[in-house]
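Engineer: Data: model27.csv, CSV, C-alpha atoms.
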chain,number,residue,atom,x,y,z
K,1,MET,CA,0.0,0.0,0.0
K,2,ALA,CA,1.2,3.5,-0.9
K,3,ARG,CA,1.6,6.0,1.9
K,4,ARG,CA,-1.0,8.7,2.0
K,5,SER,CA,1.5,11.5,2.0
K,6,GLU,CA,2.8,10.4,-1.4
K,7,HIS,CA,-0.1,12.1,-3.2
K,8,THR,CA,-2.1,15.2,-2.7
K,9,LYS,CA,-5.9,14.9,-2.1
K,10,GLU,CA,-6.5,16.2,-5.6
K,11,GLU,CA,-4.1,13.6,-7.1
K,12,LEU,CA,-5.9,10.9,-5.1
K,13,ARG,CA,-9.3,12.0,-6.3
K,14,GLU,CA,-8.1,12.0,-9.9
K,15,MET,CA,-6.5,8.5,-9.5
K,16,ALA,CA,-9.8,7.2,-8.1
K,17,VAL,CA,-12.0,8.7,-10.9
K,18,THR,CA,-9.6,7.4,-13.6
K,19,ALA,CA,-9.6,3.9,-12.0
K,20,ALA,CA,-13.5,4.0,-11.8
K,21,GLU,CA,-13.7,5.3,-15.4
K,22,GLY,CA,-11.7,2.3,-16.7
K,23,MET,CA,-14.1,0.0,-14.9
K,24,VAL,CA,-17.1,1.7,-16.4
K,25,VAL,CA,-15.7,1.5,-19.9
K,26,ALA,CA,-14.8,-2.2,-19.4
K,27,GLN,CA,-17.9,-3.5,-17.6
K,28,GLY,CA,-20.4,-0.7,-17.1
K,29,ILE,CA,-21.5,0.8,-13.8
K,30,SER,CA,-21.9,-2.6,-12.1
K,31,GLY,CA,-18.1,-3.1,-12.6
K,32,ILE,CA,-17.2,-0.4,-10.0
K,33,SER,CA,-16.6,-1.3,-6.4
K,34,ALA,CA,-14.8,0.7,-3.7
K,35,ARG,CA,-12.5,-2.3,-3.0
K,36,LYS,CA,-11.4,-2.6,-6.7
K,37,VAL,CA,-10.9,1.2,-7.1
K,38,ALA,CA,-8.8,1.4,-3.9
K,39,ALA,CA,-6.8,-1.7,-5.0
K,40,GLU,CA,-6.0,-0.1,-8.4
K,41,MET,CA,-4.9,3.1,-6.6
K,42,GLY,CA,-2.7,1.1,-4.2
K,43,TYR,CA,-4.7,2.4,-1.2
K,44,THR,CA,-7.3,1.0,1.1
K,45,ALA,CA,-11.0,1.5,0.8
K,46,GLY,CA,-10.8,3.6,3.9
K,47,THR,CA,-8.7,6.2,2.0
K,48,LEU,CA,-11.3,6.2,-0.8
K,49,TYR,CA,-14.0,7.2,1.8
K,50,LEU,CA,-11.8,10.2,2.9
K,51,LEU,CA,-12.0,11.4,-0.7
K,52,PHE,CA,-15.7,10.7,-1.6
K,53,ARG,CA,-18.7,10.6,0.6
K,54,ASN,CA,-19.9,7.4,-1.1
K,55,LEU,CA,-19.6,5.5,-4.3
K,56,ASP,CA,-22.4,7.6,-5.8
K,57,GLU,CA,-20.2,10.7,-5.6
K,58,LEU,CA,-17.3,8.8,-7.4
K,59,ILE,CA,-19.7,7.6,-10.1
K,60,THR,CA,-21.0,11.1,-10.6
K,61,GLU,CA,-17.5,12.3,-11.3
K,62,VAL,CA,-17.0,9.6,-13.9
K,63,ASN,CA,-20.3,10.6,-15.5
K,64,ILE,CA,-19.2,14.2,-15.6
K,65,ARG,CA,-16.2,13.1,-17.6
K,66,THR,CA,-18.5,11.3,-20.0
K,67,LEU,CA,-20.6,14.4,-20.3
K,68,HIS,CA,-17.5,16.4,-21.2
K,69,GLN,CA,-16.4,13.8,-23.8
K,70,LEU,CA,-19.9,13.7,-25.3
K,71,GLU,CA,-19.8,17.5,-25.5
K,72,SER,CA,-16.5,17.6,-27.3
K,73,GLN,CA,-17.6,15.0,-29.8
K,74,ILE,CA,-20.8,16.8,-30.5
K,75,LYS,CA,-19.0,20.1,-30.9
K,76,ALA,CA,-16.6,18.5,-33.4
K,77,ALA,CA,-19.6,17.0,-35.3
K,78,VAL,CA,-21.3,20.4,-35.6
K,79,GLU,CA,-18.3,22.3,-36.8
K,80,GLY,CA,-18.5,23.2,-40.4
K,81,GLU,CA,-22.3,22.6,-40.6
K,82,GLY,CA,-23.6,25.5,-42.7
K,83,SER,CA,-27.2,25.9,-41.3
K,84,PRO,CA,-28.7,25.6,-37.8
K,85,VAL,CA,-31.0,22.8,-39.1
K,86,ALA,CA,-28.0,20.9,-40.3
K,87,ALA,CA,-26.3,21.5,-37.0
K,88,ILE,CA,-29.2,20.0,-35.1
K,89,HIS,CA,-29.1,16.9,-37.3
K,90,ALA,CA,-25.4,16.6,-36.8
K,91,ILE,CA,-25.8,16.8,-33.0
K,92,ALA,CA,-28.5,14.1,-33.1
K,93,GLN,CA,-26.5,11.7,-35.3
K,94,SER,CA,-23.4,12.4,-33.2
K,95,TYR,CA,-25.3,11.4,-30.0
K,96,LEU,CA,-26.5,8.2,-31.6
K,97,ARG,CA,-22.9,7.3,-32.7
K,98,TYR,CA,-21.6,8.1,-29.2
K,99,ALA,CA,-24.1,5.8,-27.6
K,100,HIS,CA,-23.2,3.1,-30.0
K,101,ILE,CA,-19.4,3.4,-29.7
K,102,HIS,CA,-19.2,4.2,-26.0
K,103,THR,CA,-22.1,2.2,-24.9
K,104,ASN,CA,-21.0,1.4,-21.3
K,105,ARG,CA,-20.0,5.0,-20.5
K,106,TRP,CA,-23.2,6.3,-22.0
K,107,LEU,CA,-25.4,3.7,-20.2
K,108,ALA,CA,-23.7,4.6,-16.9
K,109,LEU,CA,-25.1,8.2,-17.3
K,110,PHE,CA,-28.6,6.8,-17.2
K,111,GLU,CA,-28.2,3.8,-15.0
K,112,HIS,CA,-26.8,5.9,-12.2
K,113,ARG,CA,-29.8,6.9,-10.1
K,114,LEU,CA,-29.6,8.7,-6.8
K,115,GLY,CA,-32.4,7.5,-4.6
K,116,GLY,CA,-33.7,10.8,-3.2
K,117,GLU,CA,-30.4,12.7,-3.3
K,118,THR,CA,-29.7,15.3,-5.9
K,119,PHE,CA,-26.8,15.6,-8.3
K,120,PRO,CA,-24.2,18.3,-7.5
K,121,ALA,CA,-24.3,21.7,-9.1
K,122,HIS,CA,-21.3,21.1,-11.4
K,123,TYR,CA,-23.1,18.0,-12.8
K,124,HIS,CA,-26.2,20.0,-13.6
K,125,LYS,CA,-24.0,22.7,-15.1
K,126,GLN,CA,-22.4,20.2,-17.5
K,127,VAL,CA,-25.9,18.8,-18.5
K,128,ALA,CA,-27.0,22.4,-19.2
K,129,ARG,CA,-24.0,22.9,-21.5
K,130,LEU,CA,-25.2,19.9,-23.5
K,131,PHE,CA,-28.7,21.3,-23.8
K,132,ALA,CA,-27.2,24.7,-24.8
K,133,LEU,CA,-25.6,23.0,-27.8
K,134,VAL,CA,-29.1,22.3,-29.1
K,135,GLU,CA,-30.7,25.6,-27.9
K,136,THR,CA,-28.3,27.8,-29.8
K,137,PRO,CA,-29.2,26.6,-33.4
K,138,LEU,CA,-32.8,26.3,-32.3
K,139,ARG,CA,-32.9,29.9,-31.4
K,140,GLU,CA,-31.3,30.8,-34.7
K,141,ILE,CA,-34.1,28.9,-36.5
K,142,ARG,CA,-37.0,30.3,-34.4
K,143,GLY,CA,-35.7,33.9,-34.2
K,144,SER,CA,-36.0,36.1,-31.2
K,145,ALA,CA,-39.8,36.0,-31.2
K,146,LEU,CA,-40.0,32.7,-29.3
K,147,PRO,CA,-39.4,33.2,-25.6
K,148,GLN,CA,-36.6,31.3,-23.9
K,149,PRO,CA,-38.8,28.9,-22.0
K,150,GLU,CA,-40.2,27.7,-25.3
K,151,ILE,CA,-36.8,27.2,-26.8
K,152,ALA,CA,-35.8,25.2,-23.7
K,153,LYS,CA,-38.9,23.1,-24.0
K,154,GLU,CA,-38.2,22.4,-27.7
K,155,ALA,CA,-34.6,21.5,-26.9
K,156,ARG,CA,-35.8,19.0,-24.2
K,157,ALA,CA,-38.3,17.4,-26.6
K,158,LEU,CA,-35.5,17.0,-29.2
K,159,TRP,CA,-33.1,15.7,-26.6
K,160,ALA,CA,-35.7,13.2,-25.4
K,161,GLY,CA,-36.3,12.0,-28.9
K,162,VAL,CA,-32.7,11.5,-29.7
K,163,HIS,CA,-32.0,9.8,-26.3
K,164,GLY,CA,-35.0,7.5,-26.7
K,165,LEU,CA,-33.9,6.5,-30.1
K,166,ALA,CA,-30.4,5.7,-29.0
K,167,ALA,CA,-31.8,3.8,-25.9
K,168,LEU,CA,-34.1,1.7,-28.0
K,169,ALA,CA,-31.5,1.1,-30.7
K,170,GLU,CA,-28.8,0.1,-28.3
K,171,GLY,CA,-31.1,-2.1,-26.3
K,172,ASP,CA,-32.4,-3.9,-29.4
K,173,LYS,CA,-35.9,-2.7,-28.6
K,174,LEU,CA,-36.7,-0.9,-31.8
K,175,ASN,CA,-38.2,-3.9,-33.6
K,176,ALA,CA,-37.4,-1.9,-36.8
K,177,ASP,CA,-37.0,-4.7,-39.3
K,178,GLY,CA,-33.9,-3.4,-40.8
K,179,THR,CA,-34.8,0.3,-40.9
K,180,GLU,CA,-31.6,2.1,-39.8
K,181,PRO,CA,-31.9,4.0,-36.4
K,182,ALA,CA,-30.1,6.9,-38.2
K,183,SER,CA,-33.0,7.2,-40.7
K,184,ILE,CA,-35.7,7.1,-38.0
K,185,LEU,CA,-33.7,9.8,-36.1
K,186,GLU,CA,-33.6,11.9,-39.2
K,187,LEU,CA,-37.4,11.8,-39.4
K,188,LEU,CA,-37.8,12.5,-35.7
K,189,VAL,CA,-35.5,15.6,-35.9
K,190,ASP,CA,-37.2,16.8,-39.1
K,191,ARG,CA,-40.6,16.7,-37.4
K,192,ILE,CA,-39.5,18.4,-34.2
K,193,VAL,CA,-37.5,21.1,-35.9
K,194,GLY,CA,-40.2,21.4,-38.6
K,195,VAL,CA,-37.8,22.7,-41.2
K,196,GLU,CA,-36.3,20.4,-43.8
K,197,LYS,CA,-32.5,20.3,-44.2
R,198,MET,CA,-37.9,-28.2,0.2
R,199,ALA,CA,-41.0,-29.2,-1.7
R,200,ARG,CA,-40.9,-32.4,-3.7
R,201,ARG,CA,-40.7,-31.8,-7.4
R,202,SER,CA,-43.7,-34.1,-8.2
R,203,GLU,CA,-46.0,-31.7,-6.2
R,204,HIS,CA,-46.1,-29.3,-9.1
R,205,THR,CA,-46.3,-29.6,-12.9
R,206,LYS,CA,-43.5,-28.0,-14.9
R,207,GLU,CA,-45.9,-25.2,-16.0
R,208,GLU,CA,-46.8,-24.5,-12.4
R,209,LEU,CA,-43.2,-24.4,-11.4
R,210,ARG,CA,-42.4,-22.0,-14.2
R,211,GLU,CA,-45.3,-19.7,-13.2
R,212,MET,CA,-44.1,-19.8,-9.5
R,213,ALA,CA,-40.6,-18.8,-10.6
R,214,VAL,CA,-41.8,-16.0,-12.8
R,215,THR,CA,-44.1,-14.7,-10.1
R,216,ALA,CA,-41.3,-14.8,-7.5
R,217,ALA,CA,-38.9,-13.0,-9.8
R,218,GLU,CA,-41.6,-10.4,-10.7
R,219,GLY,CA,-42.0,-9.6,-7.0
R,220,MET,CA,-38.3,-9.0,-6.8
R,221,VAL,CA,-38.2,-6.7,-9.8
R,222,VAL,CA,-41.1,-4.7,-8.4
R,223,ALA,CA,-39.4,-4.4,-5.0
R,224,GLN,CA,-35.8,-3.8,-6.0
R,225,GLY,CA,-35.4,-3.8,-9.7
R,226,ILE,CA,-33.6,-6.2,-11.9
R,227,SER,CA,-30.6,-6.4,-9.6
R,228,GLY,CA,-32.9,-7.8,-6.9
R,229,ILE,CA,-33.3,-11.1,-8.8
R,230,SER,CA,-31.0,-14.0,-8.0
R,231,ALA,CA,-31.5,-17.7,-8.8
R,232,ARG,CA,-31.0,-18.6,-5.1
R,233,LYS,CA,-33.6,-16.1,-3.9
R,234,VAL,CA,-36.2,-17.2,-6.6
R,235,ALA,CA,-35.7,-20.9,-5.8
R,236,ALA,CA,-35.9,-20.2,-2.0
R,237,GLU,CA,-39.2,-18.4,-2.5
R,238,MET,CA,-40.5,-21.3,-4.5
R,239,GLY,CA,-39.4,-23.8,-1.9
R,240,TYR,CA,-37.1,-25.5,-4.3
R,241,THR,CA,-33.4,-25.6,-5.0
R,242,ALA,CA,-31.6,-23.5,-7.6
R,243,GLY,CA,-31.0,-26.8,-9.5
R,244,THR,CA,-34.7,-27.1,-10.1
R,245,LEU,CA,-34.8,-23.6,-11.4
R,246,TYR,CA,-32.2,-24.5,-14.1
R,247,LEU,CA,-34.4,-27.4,-15.2
R,248,LEU,CA,-37.1,-24.8,-16.0
R,249,PHE,CA,-35.0,-22.0,-17.5
R,250,ARG,CA,-31.8,-22.1,-19.4
R,251,ASN,CA,-30.5,-19.2,-17.5
R,252,LEU,CA,-31.5,-16.1,-15.5
R,253,ASP,CA,-31.9,-14.1,-18.7
R,254,GLU,CA,-34.7,-16.4,-19.8
R,255,LEU,CA,-36.5,-15.9,-16.5
R,256,ILE,CA,-36.1,-12.1,-16.6
R,257,THR,CA,-37.4,-12.1,-20.2
R,258,GLU,CA,-40.6,-13.8,-18.9
R,259,VAL,CA,-41.0,-11.2,-16.2
R,260,ASN,CA,-40.5,-8.5,-18.9
R,261,ILE,CA,-43.1,-10.1,-21.1
R,262,ARG,CA,-45.6,-9.7,-18.2
R,263,THR,CA,-44.6,-6.1,-17.9
R,264,LEU,CA,-45.2,-5.6,-21.6
R,265,HIS,CA,-48.7,-7.1,-21.2
R,266,GLN,CA,-49.5,-4.9,-18.2
R,267,LEU,CA,-48.3,-1.8,-20.2
R,268,GLU,CA,-50.4,-2.8,-23.1
R,269,SER,CA,-53.5,-3.2,-21.0
R,270,GLN,CA,-53.0,0.2,-19.3
R,271,ILE,CA,-52.4,1.9,-22.7
R,272,LYS,CA,-55.5,0.3,-24.1
R,273,ALA,CA,-57.6,1.5,-21.2
R,274,ALA,CA,-56.2,5.0,-21.6
R,275,VAL,CA,-57.1,5.1,-25.3
R,276,GLU,CA,-60.6,3.9,-24.9
R,277,GLY,CA,-63.1,6.7,-25.4
R,278,GLU,CA,-60.7,9.0,-27.2
R,279,GLY,CA,-62.6,10.5,-30.1
R,280,SER,CA,-59.9,11.1,-32.6
R,281,PRO,CA,-56.7,9.2,-33.7
R,282,VAL,CA,-54.6,12.3,-32.7
R,283,ALA,CA,-56.2,12.3,-29.2
R,284,ALA,CA,-55.5,8.5,-29.0
R,285,ILE,CA,-51.8,9.0,-29.7
R,286,HIS,CA,-51.6,11.7,-27.1
R,287,ALA,CA,-53.4,9.4,-24.6
R,288,ILE,CA,-50.9,6.5,-25.4
R,289,ALA,CA,-47.9,8.8,-24.9
R,290,GLN,CA,-49.2,10.2,-21.6
R,291,SER,CA,-50.2,6.7,-20.4
R,292,TYR,CA,-46.7,5.4,-21.1
R,293,LEU,CA,-45.2,8.4,-19.1
R,294,ARG,CA,-47.5,7.6,-16.2
R,295,TYR,CA,-46.6,3.9,-16.4
R,296,ALA,CA,-42.9,4.6,-16.2
R,297,HIS,CA,-43.5,6.9,-13.2
R,298,ILE,CA,-45.7,4.5,-11.3
R,299,HIS,CA,-44.1,1.2,-12.1
R,300,THR,CA,-40.6,2.5,-12.4
R,301,ASN,CA,-38.7,-0.7,-11.4
R,302,ARG,CA,-40.7,-2.9,-13.7
R,303,TRP,CA,-40.4,-0.4,-16.5
R,304,LEU,CA,-36.6,0.0,-16.0
R,305,ALA,CA,-36.2,-3.8,-16.0
R,306,LEU,CA,-37.5,-3.7,-19.6
R,307,PHE,CA,-34.6,-1.6,-20.7
R,308,GLU,CA,-31.8,-2.6,-18.3
R,309,HIS,CA,-32.1,-6.2,-19.3
R,310,ARG,CA,-29.7,-6.6,-22.1
R,311,LEU,CA,-28.7,-9.9,-23.7
R,312,GLY,CA,-25.0,-9.8,-24.7
R,313,GLY,CA,-25.2,-11.2,-28.2
R,314,GLU,CA,-28.2,-13.5,-27.7
R,315,THR,CA,-31.6,-12.5,-29.2
R,316,PHE,CA,-34.9,-12.3,-27.4
R,317,PRO,CA,-37.4,-15.1,-28.1
R,318,ALA,CA,-40.1,-14.8,-30.7
R,319,HIS,CA,-43.0,-14.3,-28.2
R,320,TYR,CA,-41.1,-11.4,-26.7
R,321,HIS,CA,-40.8,-9.7,-30.1
R,322,LYS,CA,-44.4,-10.4,-30.8
R,323,GLN,CA,-45.5,-8.6,-27.6
R,324,VAL,CA,-43.3,-5.6,-28.5
R,325,ALA,CA,-44.9,-5.6,-31.9
R,326,ARG,CA,-48.4,-5.4,-30.3
R,327,LEU,CA,-47.3,-2.3,-28.4
R,328,PHE,CA,-46.0,-0.7,-31.6
R,329,ALA,CA,-49.3,-1.6,-33.3
R,330,LEU,CA,-51.2,0.5,-30.7
R,331,VAL,CA,-49.5,3.5,-32.2
R,332,GLU,CA,-49.5,2.4,-35.8
R,333,THR,CA,-53.3,2.0,-35.9
R,334,PRO,CA,-54.2,5.6,-35.1
R,335,LEU,CA,-51.3,6.8,-37.2
R,336,ARG,CA,-52.6,5.0,-40.2
R,337,GLU,CA,-56.0,6.6,-39.7
R,338,ILE,CA,-54.4,10.0,-39.7
R,339,ARG,CA,-52.1,9.4,-42.7
R,340,GLY,CA,-54.7,7.6,-44.8
R,341,SER,CA,-53.9,4.6,-47.0
R,342,ALA,CA,-51.5,6.7,-49.2
R,343,LEU,CA,-48.6,6.3,-46.9
R,344,PRO,CA,-46.9,2.9,-47.3
R,345,GLN,CA,-46.6,0.6,-44.2
R,346,PRO,CA,-42.8,1.0,-43.8
R,347,GLU,CA,-43.3,4.7,-43.5
R,348,ILE,CA,-46.1,4.2,-40.9
R,349,ALA,CA,-43.8,1.8,-39.0
R,350,LYS,CA,-41.0,4.4,-39.1
R,351,GLU,CA,-43.2,7.2,-37.8
R,352,ALA,CA,-44.4,4.9,-35.0
R,353,ARG,CA,-40.8,4.1,-34.0
R,354,ALA,CA,-39.9,7.8,-34.0
R,355,LEU,CA,-42.9,8.5,-31.8
R,356,TRP,CA,-42.2,5.6,-29.5
R,357,ALA,CA,-38.5,6.7,-29.2
R,358,GLY,CA,-39.6,10.2,-28.3
R,359,VAL,CA,-42.0,9.0,-25.6
R,360,HIS,CA,-39.6,6.5,-24.2
R,361,GLY,CA,-36.7,9.1,-24.2
R,362,LEU,CA,-38.9,11.6,-22.3
R,363,ALA,CA,-39.9,9.0,-19.7
R,364,ALA,CA,-36.3,7.9,-19.3
R,365,LEU,CA,-34.9,11.5,-18.8
R,366,ALA,CA,-37.8,12.5,-16.5
R,367,GLU,CA,-37.5,9.4,-14.3
R,368,GLY,CA,-33.7,9.6,-14.2
R,369,ASP,CA,-33.9,13.3,-13.2
R,370,LYS,CA,-31.9,14.2,-16.3
R,371,LEU,CA,-34.4,16.6,-18.0
R,372,ASN,CA,-33.0,19.7,-16.3
R,373,ALA,CA,-36.3,21.3,-17.1
R,374,ASP,CA,-36.6,23.9,-14.4
R,375,GLY,CA,-40.1,23.0,-13.4
R,376,THR,CA,-41.5,22.5,-16.9
R,377,GLU,CA,-43.7,19.4,-16.5
R,378,PRO,CA,-42.6,16.3,-18.5
R,379,ALA,CA,-46.2,15.9,-19.7
R,380,SER,CA,-46.2,19.3,-21.3
R,381,ILE,CA,-42.8,18.6,-23.1
R,382,LEU,CA,-44.3,15.3,-24.2
R,383,GLU,CA,-47.4,17.0,-25.6
R,384,LEU,CA,-45.1,19.3,-27.7
R,385,LEU,CA,-43.1,16.3,-28.9
R,386,VAL,CA,-46.2,14.3,-30.0
R,387,ASP,CA,-47.7,17.3,-31.6
R,388,ARG,CA,-44.6,17.9,-33.7
R,389,ILE,CA,-44.2,14.2,-34.8
R,390,VAL,CA,-47.9,13.7,-35.6
R,391,GLY,CA,-48.0,17.1,-37.2
R,392,VAL,CA,-51.7,17.6,-36.5
R,393,GLU,CA,-53.0,19.6,-33.5
R,394,LYS,CA,-55.4,17.9,-31.1
Show the structure stored in the file as C-alpha cells.
Structural biologist:
Amino acid sequence: MARRSEHTKEELREMAVTAAEGMVVAQGISGISARKVAAEMGYTAGTLYLLFRNLDELITEVNIRTLHQLESQIKAAVEGEGSPVAAIHAIAQSYLRYAHIHTNRWLALFEHRLGGETFPAHYHKQVARLFALVETPLREIRGSALPQPEIAKEARALWAGVHGLAALAEGDKLNADGTEPASILELLVDRIVGVEK
Amino acid sequence: MARRSEHTKEELREMAVTAAEGMVVAQGISGISARKVAAEMGYTAGTLYLLFRNLDELITEVNIRTLHQLESQIKAAVEGEGSPVAAIHAIAQSYLRYAHIHTNRWLALFEHRLGGETFPAHYHKQVARLFALVETPLREIRGSALPQPEIAKEARALWAGVHGLAALAEGDKLNADGTEPASILELLVDRIVGVEK
C-alpha cells in the first residue's frame, strides 16, 4: 500500500476517478466497487472514503467526464455545418454514434440513479452545456420572437427523442425490421424542428 | 424443500416468474437471483435451471408480463378517445405515467440486455403489439396513401420520443426547471404527428 502522503488529495481523487472510469468502460456501472478502485490506486477502501462521501459521488465524477467527452464529440460534429438545421441533425447523429461506440459509459449516465439525493451543481451545469448545444441553433431557427422557456422546451423534446432512439436502438428494442436507427432519427428531428434540411 | 412431483412444470415456471416479478417490483432487476427465486418457490436452484436455461430467460418472462401490463393500461387509456390524434396523445401520456408509477418494472425492460443473444419470438411479438397500438391511429391520420414501412418508421420515431422523455424524466436528467414532462411530451407528440389535437 502506498503511503497517503505520497499524493495530494487532488491527485488521489483523480486517481480514483480514472480507475473507476476504466471499470465503467470495461464493464459498465456494475463493474465499479470501492474495493477494486482502492486496490487499483494502491490504497485502502478507507482512503477512498476520505475522498468521496460514497460510491455515488465517485460515479457522478466519472459521469461528468463522460458528459465532457460527449460535449467535445458533439461540438466536433457540428463544426462546419452550414445551417442551424443541419447543425441539429449533426448533433443528433453524433449522439447516436456516441451511444453506439461508448455504450458502457453512455449507459452509466442513465443507469446511475440517486435515490432521493440530488446531483451536485457542477453536474447539472455540464448537462446544461449539452442542452445549450441544441438551444443555440434552435434559437437561430426560431428567431428572437420565441421566448426562452419555449426554446428550452423544444430543446428538451429534441433531446428526449434523440436519447430515446439511442436507448431503443442500443437495447435492441426498436423492432425496426432493418430500418436504420439513423434514418428514424432523421425523421424525428425533421418533425420536431419542422424545417427540412 | 417441496418435492418436485408436487407441481407440474408449468406450475413451477409460473411460480418462478411470479417470484422474480415480485423481486423486480421491489428492488429492480438487480434484486433477482436464482438462489432467492428458488428459495421463495421452496425448491433448489438446481430445479430452477431445469425450468429456464439461465436467469436471462427468467427475466425475459418477467418483462413479457410487464409488456402485457403496459399494453392493458395503454388500451384502457385510449378507450373513449374520439380522434386518432387524441388517441396518440393518450398513449404517450399513459406510457409516461406507467414509467412513473411502475418505475422498477419499466426500468427492467430496458436494463435487461442480452449480450449477443436474441430475445425469443414471443417477446418480439409482444413488443410488436405495443407498436401496433400507435400504428393504428397513425394509419387513420395518414390515410392509405402512406406505405406501411413509413407508418412503422413514424411509429418508432414516436415511441422513441415518448420513451426518451420518460427515461430522462424518471432519471432526473431533464434539467427542465419546473416544466412538466407531460407538457414537453405534448409538444413532442404534436410535432411528430404534425396535426394539432
Engineer: If we count only C-alpha atoms, what is near Ala231 (chain R) at a cut-off of 9 Å, once residues fewer than 4 positions away on the same chain are taken out, given as a short mmCIF file (atom, residue, chain, number, x, y, z; two decimals) with C-alpha atoms, in the coordinates of the input?
Structural biologist:
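Result file part.cif:
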data_model
loop_
_atom_site.label_atom_id
_atom_site.label_comp_id
_atom_site.auth_asym_id
_atom_site.auth_seq_id
_atom_site.Cartn_x
_atom_site.Cartn_y
_atom_site.Cartn_z
CA ALA R 217 -38.90 -13.00 -9.80
CA ALA R 235 -35.70 -20.90 -5.80
CA ALA R 236 -35.90 -20.20 -2.00
CA THR R 241 -33.40 -25.60 -5.00
CA ALA R 242 -31.60 -23.50 -7.60
CA LEU R 245 -34.80 -23.60 -11.40
CA TYR R 246 -32.20 -24.50 -14.10
CA ASN R 251 -30.50 -19.20 -17.50
CA LEU R 252 -31.50 -16.10 -15.50
#
Engineer: Rank K:Glu14, K:Glu6, K:Glu154, K:Glu61 by their smallest atom-to-atom distance to Leu109 (chain K), using all atoms listed in the file, and report the top residue only.
Structural biologist: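 The answer is K:Glu61, which sits nearest to Leu109 (chain K).
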Engineer: Provide the CA of Phe249 (chain R) to CA of Ala213 (chain R) distance in Å, to one decimal place.
Structural biologist: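 It comes out at 9.4 Å.
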Engineer: Quick one: distance from CA of Ala363 (chain R) to CA of Gly115 (chain K) in Å, one decimal?
Structural biologist: 16.9 Å
Engineer: Identify which of the residues K:Leu138, K:Ala26, K:Val78, K:Ala92 lies closest to Val195 (chain K), counting only C-alpha atoms when measuring atom-to-atom distances.
Structural biologist: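 Ranking K:Leu138, K:Ala26, K:Val78, K:Ala92 by distance to Val195 (chain K), first place goes to K:Leu138.
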Engineer: Show me, as a PyMOL selection string, the residues of chain R whose atoms get within 7 Å of chain K, using all atoms listed in the file for the distance check.
Structural biologist: chain R and resi 307+310+350+353-354+357-358+360-362+365+368+371+381-382+385+388-389
Engineer: Where atoms are missing, can you supply N, CA, C and O atoms for region 304-315 of chain R and output the lot as a PDB file, in the coordinates of the input?
Structural biologist:
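The file below, selection.pdb, is the result:
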ATOM      1  N   LEU R 304     -38.067  -0.001 -15.805  1.00  0.00           N
ATOM      2  CA  LEU R 304     -36.600   0.000 -16.000  1.00  0.00           C
ATOM      3  C   LEU R 304     -36.071  -1.345 -16.355  1.00  0.00           C
ATOM      4  O   LEU R 304     -35.142  -1.458 -17.150  1.00  0.00           O
ATOM      5  N   ALA R 305     -36.667  -2.393 -15.755  1.00  0.00           N
ATOM      6  CA  ALA R 305     -36.200  -3.800 -16.000  1.00  0.00           C
ATOM      7  C   ALA R 305     -36.291  -4.085 -17.516  1.00  0.00           C
ATOM      8  O   ALA R 305     -35.467  -4.810 -18.070  1.00  0.00           O
ATOM      9  N   LEU R 306     -37.308  -3.522 -18.159  1.00  0.00           N
ATOM     10  CA  LEU R 306     -37.500  -3.700 -19.600  1.00  0.00           C
ATOM     11  C   LEU R 306     -36.229  -3.275 -20.361  1.00  0.00           C
ATOM     12  O   LEU R 306     -35.850  -3.872 -21.371  1.00  0.00           O
ATOM     13  N   PHE R 307     -35.637  -2.179 -19.884  1.00  0.00           N
ATOM     14  CA  PHE R 307     -34.600  -1.600 -20.700  1.00  0.00           C
ATOM     15  C   PHE R 307     -33.186  -1.880 -20.100  1.00  0.00           C
ATOM     16  O   PHE R 307     -32.199  -1.820 -20.813  1.00  0.00           O
ATOM     17  N   GLU R 308     -33.148  -2.242 -18.824  1.00  0.00           N
ATOM     18  CA  GLU R 308     -31.800  -2.600 -18.300  1.00  0.00           C
ATOM     19  C   GLU R 308     -31.472  -4.035 -18.589  1.00  0.00           C
ATOM     20  O   GLU R 308     -30.325  -4.429 -18.434  1.00  0.00           O
ATOM     21  N   HIS R 309     -32.448  -4.801 -19.025  1.00  0.00           N
ATOM     22  CA  HIS R 309     -32.100  -6.200 -19.300  1.00  0.00           C
ATOM     23  C   HIS R 309     -31.595  -6.289 -20.751  1.00  0.00           C
ATOM     24  O   HIS R 309     -32.294  -6.099 -21.731  1.00  0.00           O
ATOM     25  N   ARG R 310     -30.313  -6.556 -20.843  1.00  0.00           N
ATOM     26  CA  ARG R 310     -29.700  -6.600 -22.100  1.00  0.00           C
ATOM     27  C   ARG R 310     -29.036  -7.991 -22.300  1.00  0.00           C
ATOM     28  O   ARG R 310     -28.364  -8.492 -21.404  1.00  0.00           O
ATOM     29  N   LEU R 311     -29.275  -8.602 -23.442  1.00  0.00           N
ATOM     30  CA  LEU R 311     -28.700  -9.900 -23.700  1.00  0.00           C
ATOM     31  C   LEU R 311     -27.436  -9.697 -24.540  1.00  0.00           C
ATOM     32  O   LEU R 311     -27.524  -9.249 -25.680  1.00  0.00           O
ATOM     33  N   GLY R 312     -26.303  -9.961 -23.956  1.00  0.00           N
ATOM     34  CA  GLY R 312     -25.000  -9.800 -24.700  1.00  0.00           C
ATOM     35  C   GLY R 312     -24.990 -10.796 -25.856  1.00  0.00           C
ATOM     36  O   GLY R 312     -24.679 -11.949 -25.645  1.00  0.00           O
ATOM     37  N   GLY R 313     -25.303 -10.335 -27.046  1.00  0.00           N
ATOM     38  CA  GLY R 313     -25.200 -11.200 -28.200  1.00  0.00           C
ATOM     39  C   GLY R 313     -26.416 -12.054 -28.499  1.00  0.00           C
ATOM     40  O   GLY R 313     -26.835 -12.180 -29.640  1.00  0.00           O
ATOM     41  N   GLU R 314     -27.044 -12.611 -27.466  1.00  0.00           N
ATOM     42  CA  GLU R 314     -28.200 -13.500 -27.700  1.00  0.00           C
ATOM     43  C   GLU R 314     -29.414 -12.624 -28.182  1.00  0.00           C
ATOM     44  O   GLU R 314     -29.422 -11.410 -28.025  1.00  0.00           O
ATOM     45  N   THR R 315     -30.411 -13.266 -28.740  1.00  0.00           N
ATOM     46  CA  THR R 315     -31.600 -12.500 -29.200  1.00  0.00           C
ATOM     47  C   THR R 315     -32.786 -12.895 -28.291  1.00  0.00           C
ATOM     48  O   THR R 315     -32.830 -13.976 -27.700  1.00  0.00           O
TER      49      THR R 315
END
